[in-house]
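Below: one structure, written as structure tokens.
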Amino acid sequence: MFRPTFRRSEEGALILEDTSAAVVFNSLRKRPTGKCLTPDDVRQDALKEVCRLGGNTKDECDVLGCYKFQHSKYSGQTFKWMVENVLEYAVCFVIKMANEIPSTSSLSINKFNFKRYLESFPEGKEAIAMKEIKRRRKCPTRQTSYIPVGIKLQKVEDVTDETLSGTDVFDASLQPSTSYAPAQPNTSYEPVSTMPSTTITIKQSEDCLIPDKWKKNLPEIDQQWISKTLFKKSKKGTAELDSTKLKQLWYYPPQPDPLNKNIPMANSYFGHRLLLWLPRKTWQVKLVCPRPECKSYPLTSGGLHGIVRPVLDLDCHYFLATEQLRCSNCKQRQIGWSENILKQLDLAHRLQFPVVLSYHLACDNRVLQLLKYRGLGNSPSQLRQQVLEQHTRRWNERVALYLENCKKFCGSRDDYVIAASKFDEVSKMIPVPSVQWFLTIYCNEVMGRIDELKASITSTFGRVLKIDSTKRIVRKLAGRACGTGAWATNVGNEYGQVLITVLTAAEGCGLNNMTNGIINRYALAGVPPPEILYVDRDCCGHSSIRKMFSAWPDMKIRLDIWHFMRRIAAACSTESHQLYPIFLKRLSACIFEWSAEDVERLKRAKRGQLIASKAHSDPTDDIILQNISKREFALHCRRTTRGTRETANLIRELLTSLDGEEGRDTLGVPLLDSDRTWEIWNSQERHVACIQDPEGIQLYVKTSEMIKGGVTLPVYRCARGSTSLESFHLHLNRFIPGERASDVHFQAYLMDGLVRWNTNRAVAATQSGAPHPNTYSGLHQHGLNTLAEQVFGKKLYNSFVLPIKYTGELIGVEYLYNQTNKVLETHFSDDESDDADFDEEVYTFDVDEGYDDKTQPDYEPPSLRRLGGRHHRAPPEVRQPSPIPQQPPSSHDGSDAEEDAAPIDTELEDSAGPDNISGYAKVEALADCLFQFKEDSGVISKTQAEQITQLWNNLDPYDKIIKRQSRHQDYLSKGRFKRSKTTVIPGVESTRRCFLGQNTGPAQWPDCNRYMECLITKLCEAYPSTVISVGGNRSQRWPLIVKGYKNIRRKVLTNGHLSSFAPLQLMEINRTTLIQWYNRTSKKQERQVLESGISAIKPKLVTSRALPEPLIKPAVLYTSTIAPSFTFVLPESTVGQATVRNKTSIPVPPGKMAIPPLPSTSSAPAASSSSSLPVETPIPRSVAHYRKQAAKRIAEGKQVKRYKPRTSVSVCSQCKQPRLMENHAQYYGTWYCAAKSNQTMEEWKTAMAAQRRLRKQQKK
């Protein structure tokens, strides 16, 4: 206890700053009184003190420690107290004595005794050297005034502010080479040798000014920087939040030094952000108690909340701290992040809180947002794996930087200022929660806004309704709901939105409550009933569907045409039959006919495209129709049903023609089962009337326009049938990720997915809609629209419609549990133990994923099919045109010959090829000439080269165009994800993915151009067998064809004459492209042969009736004018209205703002402004009451005690030192002083308590 304690930082450097005891002593500012004591008196007092404390009087170091300092304001303090508390002052005091000569005066002897005492400790010498190095650095030319023996100084130019303040500039291994004995005054005692001392390290946990409860939640690596950033020491010595530093919500840890001059500190690399959520302290928001009995009693600040929450972010964790709010009426406390407090904030300040809380942990909204996107592979387990990977990557980055910077300080001692360094351990990464926690936090967020979701779903209406059911989604139910559901029934409208989705134990009567809820919804909202309802069954007579919707007698019920076609197709023996696609194409043509006006407009546009591509100079109608794709017809043309009688006759004739020899394939297998076919037709013939379009109801909406071939074409969307719900069923299955989901998770995913789906459809269906909405929150859209109208007088989200109040309809699993008498529990605990895009060019119209008309199969109708087996799209005229595809010819189901057939030229007919383009005889002549060079031997002679050049020059310009197969697509129309891979240059990724042969470049299809296809056709005819014997060796057919083609290609490309005068485009092929082209062509020809034998009359393509004008996109969807709207809670801003202590500014009334007066334009003197009345500070009622009573007592002549605040620190009457809580205590008026008592504080308190109990017993 007699050795002084030296303080060191965590970096190992001595701390020279004054201690808290020295600060308190300096605040007294008392001048020393009395005369200087003689050396003998000083020594005698020191010996007595050592004896009193039980020390060794023969130990000179102990005696010197009790010497009293006789200089300056610290006169009377012991040497030990000076070294412990004011080390910097002591060091400066000793350094100034460097050139001083000892004398026999009392002050001089006292000085040198103090110097001898300080230098007797290694830490004292180290502190002197530190101070001297600082002085040398400030003045390099100055000579060293004093350095103790045994201290080795580094070069001054190598020492910087950072190294002095953050590191130890001494080599701890150096010891004094000789015993230091400075000049001593004439005294009778021996000089003191170097003595040991007590050294302490000031750790973060010891010198950290943060609440004690925070230390349990915050990592140690964050405690120090948070302490320095936000807290200060109170008068009681505890941590107190510094209100002057509360200028922001986010606080960040110190960042690493880019130049790496200091020893790396772990908190600069592994520290975490802090979100300090103090709505009342930061914004002075007026908050009230949420308890009803308190009647909006204002809340006051109750200090910081003791729990600091870790929050999961995308690549790291951060911490969330908040305040406690206290109600003076009910004495209850509210936490600043509770929902009761957050819902009192206005929208602007509520959105500043980015956290979703669970019971133990918390999640940032950015992570939660990724769970809301519905699609393939988007599951909580995948998201957790991605977040874990991001966290690990960021942690690895920080560790690598930290270790790299530490490596700099691990070199030789002679090369660095720091000879020995001790680095902090690498901070561990905070673990990422489990998958179950991700599900829980998502469900908590969804259930927190469940009322808004239900109101949004039940605010959807439609003019054309569709109802359909699916079983696939119900199979994902797990837990106690597993096996209880049979169907998921959906009701949609013409825009693709879903009015409701319910899970039922059975169809039929189990849907009565659902239909009654929809009818009641229309009635409450005042929306007209639907005009038509499409179903997949129960369409005729007094069916169960008609009984369910008996309240709407005028609503027409129609059977979905795709389901009707599937019923007829059930008579087919197999879907793999060669005539099966032809049968469905003919069946669709028997039901529909196209608008003559729209078809004529599309033909003009396609004609312009063909002429621009130089494929035809004057294409006929047949060629134009062959080059129009199925998608183009559906996009730009309207169609209607043919009528009940005509449709029935056409279908009957089609079935009759195929129910015989005409319906057999090349193997003799019949397409239709005769008995089953007519049995099905007899039962389904009565439903032909149910598939007809109702009169006076328009099913088409014009969504946009686009330009093709110089013609402006409309883009239509059709509301016919329930095929949009079939597409929704695919997306509905993706709403619930994974294979299984519990009832609560199923419900949360379903509700959120329905709202997002309907929002996307609503934005795409309105005029002002964008391709994708910016937000799916109705609260945010309504709040921002309200603010924008107040500020700018207009809305930000024009397509947003305020939903009506929730109608009480049961949705999803709730409907199922209502049927099975169960209750859906929504309590959670976090305890842990794609789109159908168009296959056209990039258009400007909106792509709607909800519509894929299945009455138009993926194969193309013969009447609308292009020539050729593969799909080649004609580009817009703004791009480089691509060639028209070349394939074997095929017939088409156009209008009859008398109406559409054009005069045929004999020469053109003789020379027209498979693609019905003239000049094919010239192509065959060139191919025959090249065919003779298929053998390995031989070369092309000059005469043969001139002949080939002449044949090349005779070709039509269409055949000379450089044509390469384009494998790049902006949008994938098929495939699992229906998205092309990201690349910078279009086509690069397609080039990498195309067919590759061995030791060759990218292979192309054999039909790249007509003479190349004709040449390969002749090679296939030359090798007809599968196995061919050549020179006694048996070889496969396809290698021989490829070999022969490559021989021709090599000879042509190596001939200089042909390269200059006949640039033939013979592209590279391989076995894969060759076989696929051959099989596709063969199957195509077989279908053409089979189709040509069908005797059924082909129906006309267009109708002679004029179709009604299409509807236009509405500005907004259906809205209700009589139903009560859903109430979004949007509190008014109360920023600055809270009553805060020591508030000197005048409070501004709500809704009003203090506007400073405008500067005067007159030339009045500046002094005139002083005549304005001063602003008085409001006085609290308690102070006003006290002043009033005091004035009354003074007026009565009574004495009033004046309050005089204490300005000095209390001094102990026993030790005459400041009364600090560390060594003083009070017990019922009796004070304890550690310096004057032989007992410890605990023993003293025990004794005092015993005496108090004894006195109480004696009084009894």
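How things are named: the first chain in the structure tokens is A, the next is B, and so on; residues count from 1 in each chain; ligands count from 1 in the order shown.
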Got a sec: who's within 8 Å of Phe2 (chain A), counting only C-alpha atoms, leaving out chain neighbours fewer than 5 positions off, as a ChimeraX atom specification?
/A:55,62,65,80
Take the residues just selected and output them with N, CA and C atoms as a PDB file, in the first residue's frame.
```
ATOM      1  N   GLY A  55       3.533   0.470   8.548  1.00  0.00           N
ATOM      2  CA  GLY A  55       4.599   0.260   7.600  1.00  0.00           C
ATOM      3  C   GLY A  55       5.940   0.020   8.260  1.00  0.00           C
ATOM      4  N   ASP A  62       9.185   3.794   1.612  1.00  0.00           N
ATOM      5  CA  ASP A  62       7.913   3.991   2.294  1.00  0.00           C
ATOM      6  C   ASP A  62       7.891   5.322   3.034  1.00  0.00           C
ATOM      7  N   GLY A  65       7.508   8.233   0.619  1.00  0.00           N
ATOM      8  CA  GLY A  65       6.147   8.312   0.106  1.00  0.00           C
ATOM      9  C   GLY A  65       5.230   9.091   1.016  1.00  0.00           C
ATOM     10  N   LYS A  80       3.630  10.315  -2.463  1.00  0.00           N
ATOM     11  CA  LYS A  80       2.894   9.208  -3.102  1.00  0.00           C
ATOM     12  C   LYS A  80       1.631   9.721  -3.801  1.00  0.00           C
TER      13      LYS A  80
END
```
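Among the candidates A:Tyr522, A:Trp437, A:Tyr117, A:Phe549, the one nearest to Gly462 (chain A) when counting only C-alpha atoms is A:Tyr522.
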Write down as a PyMOL selection string the residues belonging to region 574-628 of chain A that are assigned helix (DSSP H, G or I) by DSSP computed on the backbone.
chain A and resi 580-591+596-612+621-626
Would you mind listing what lies within 12 Å of Asp45 (chain A) as a VMD selection string, with only C-alpha atoms counted and same-chain residues fewer than 2 positions away left out?
chain A and resid 37 to 43 47 to 52 57 63 to 68 76 78
How would the residues just picked look written out with N, CA and C atoms as a PDB file, in the first residue's frame?
```pdb
ATOM      1  N   LEU A  37       7.696  23.698   6.248  1.00  0.00           N
ATOM      2  CA  LEU A  37       8.232  22.868   7.322  1.00  0.00           C
ATOM      3  C   LEU A  37       9.703  22.586   7.095  1.00  0.00           C
ATOM      4  N   THR A  38      10.413  22.382   8.193  1.00  0.00           N
ATOM      5  CA  THR A  38      11.823  22.035   8.099  1.00  0.00           C
ATOM      6  C   THR A  38      11.954  20.605   7.662  1.00  0.00           C
ATOM      7  N   PRO A  39      13.111  20.204   7.143  1.00  0.00           N
ATOM      8  CA  PRO A  39      13.295  18.808   6.734  1.00  0.00           C
ATOM      9  C   PRO A  39      13.097  17.837   7.873  1.00  0.00           C
ATOM     10  N   ASP A  40      13.528  18.199   9.079  1.00  0.00           N
ATOM     11  CA  ASP A  40      13.330  17.274  10.198  1.00  0.00           C
ATOM     12  C   ASP A  40      11.858  17.104  10.519  1.00  0.00           C
ATOM     13  N   ASP A  41      11.093  18.214  10.523  1.00  0.00           N
ATOM     14  CA  ASP A  41       9.661  18.096  10.788  1.00  0.00           C
ATOM     15  C   ASP A  41       8.970  17.240   9.733  1.00  0.00           C
ATOM     16  N   VAL A  42       9.371  17.429   8.479  1.00  0.00           N
ATOM     17  CA  VAL A  42       8.775  16.633   7.403  1.00  0.00           C
ATOM     18  C   VAL A  42       9.049  15.153   7.616  1.00  0.00           C
ATOM     19  N   ARG A  43      10.287  14.841   8.029  1.00  0.00           N
ATOM     20  CA  ARG A  43      10.636  13.432   8.203  1.00  0.00           C
ATOM     21  C   ARG A  43       9.932  12.825   9.414  1.00  0.00           C
ATOM     22  N   LEU A  47       7.534   9.602   9.433  1.00  0.00           N
ATOM     23  CA  LEU A  47       7.750   8.389  10.226  1.00  0.00           C
ATOM     24  C   LEU A  47       6.514   8.045  11.050  1.00  0.00           C
ATOM     25  N   LYS A  48       5.872   9.064  11.637  1.00  0.00           N
ATOM     26  CA  LYS A  48       4.662   8.813  12.407  1.00  0.00           C
ATOM     27  C   LYS A  48       3.558   8.214  11.520  1.00  0.00           C
ATOM     28  N   GLU A  49       3.414   8.735  10.312  1.00  0.00           N
ATOM     29  CA  GLU A  49       2.375   8.241   9.414  1.00  0.00           C
ATOM     30  C   GLU A  49       2.642   6.796   9.016  1.00  0.00           C
ATOM     31  N   VAL A  50       3.930   6.459   8.799  1.00  0.00           N
ATOM     32  CA  VAL A  50       4.268   5.080   8.442  1.00  0.00           C
ATOM     33  C   VAL A  50       3.957   4.153   9.604  1.00  0.00           C
ATOM     34  N   CYS A  51       4.290   4.603  10.808  1.00  0.00           N
ATOM     35  CA  CYS A  51       3.973   3.771  11.978  1.00  0.00           C
ATOM     36  C   CYS A  51       2.463   3.599  12.141  1.00  0.00           C
ATOM     37  N   ARG A  52       1.712   4.673  11.946  1.00  0.00           N
ATOM     38  CA  ARG A  52       0.263   4.577  12.111  1.00  0.00           C
ATOM     39  C   ARG A  52      -0.351   3.604  11.111  1.00  0.00           C
ATOM     40  N   THR A  57       9.477   1.454   8.962  1.00  0.00           N
ATOM     41  CA  THR A  57      10.193   2.741   9.013  1.00  0.00           C
ATOM     42  C   THR A  57      11.614   2.639   8.493  1.00  0.00           C
ATOM     43  N   VAL A  63       8.998   5.673   3.618  1.00  0.00           N
ATOM     44  CA  VAL A  63       9.072   6.932   4.368  1.00  0.00           C
ATOM     45  C   VAL A  63       8.965   8.111   3.413  1.00  0.00           C
ATOM     46  N   LEU A  64       9.702   8.052   2.282  1.00  0.00           N
ATOM     47  CA  LEU A  64       9.622   9.166   1.319  1.00  0.00           C
ATOM     48  C   LEU A  64       8.216   9.310   0.750  1.00  0.00           C
ATOM     49  N   GLY A  65       7.508   8.233   0.619  1.00  0.00           N
ATOM     50  CA  GLY A  65       6.147   8.312   0.106  1.00  0.00           C
ATOM     51  C   GLY A  65       5.230   9.091   1.016  1.00  0.00           C
ATOM     52  N   CYS A  66       5.536   9.153   2.334  1.00  0.00           N
ATOM     53  CA  CYS A  66       4.714   9.908   3.275  1.00  0.00           C
ATOM     54  C   CYS A  66       5.231  11.322   3.497  1.00  0.00           C
ATOM     55  N   TYR A  67       6.303  11.692   2.800  1.00  0.00           N
ATOM     56  CA  TYR A  67       6.782  13.073   2.870  1.00  0.00           C
ATOM     57  C   TYR A  67       5.710  13.992   2.287  1.00  0.00           C
ATOM     58  N   LYS A  68       5.621  15.182   2.856  1.00  0.00           N
ATOM     59  CA  LYS A  68       4.672  16.176   2.359  1.00  0.00           C
ATOM     60  C   LYS A  68       5.367  17.150   1.433  1.00  0.00           C
ATOM     61  N   GLY A  76       1.419  20.246   1.057  1.00  0.00           N
ATOM     62  CA  GLY A  76       0.703  19.459   2.040  1.00  0.00           C
ATOM     63  C   GLY A  76       0.326  18.070   1.555  1.00  0.00           C
ATOM     64  N   THR A  78       1.153  14.339  -0.007  1.00  0.00           N
ATOM     65  CA  THR A  78       2.287  13.430   0.114  1.00  0.00           C
ATOM     66  C   THR A  78       2.896  13.166  -1.262  1.00  0.00           C
TER      67      THR A  78
END
```
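Using only C-alpha atoms, the nearest neighbour of Pro380 (chain A) within the list A:Ala741, A:Leu275, A:Ala1115, A:Ile335 is A:Ala741.
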Between CA of Gly608 (chain A) and CA of Asn954 (chain A), what is the distance in Å, rounded to a tenth?
26.4 Å
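Close contacts of Phe633 (chain A), defined as residues with an atom at most 9 Å away when counting only C-alpha atoms, with chain neighbours fewer than 4 positions off set aside, comprise A:Trp594, A:Asp598, A:Val599, A:Leu602, A:Ile628, A:Ser629, A:Cys637, A:Arg638, A:Leu864.
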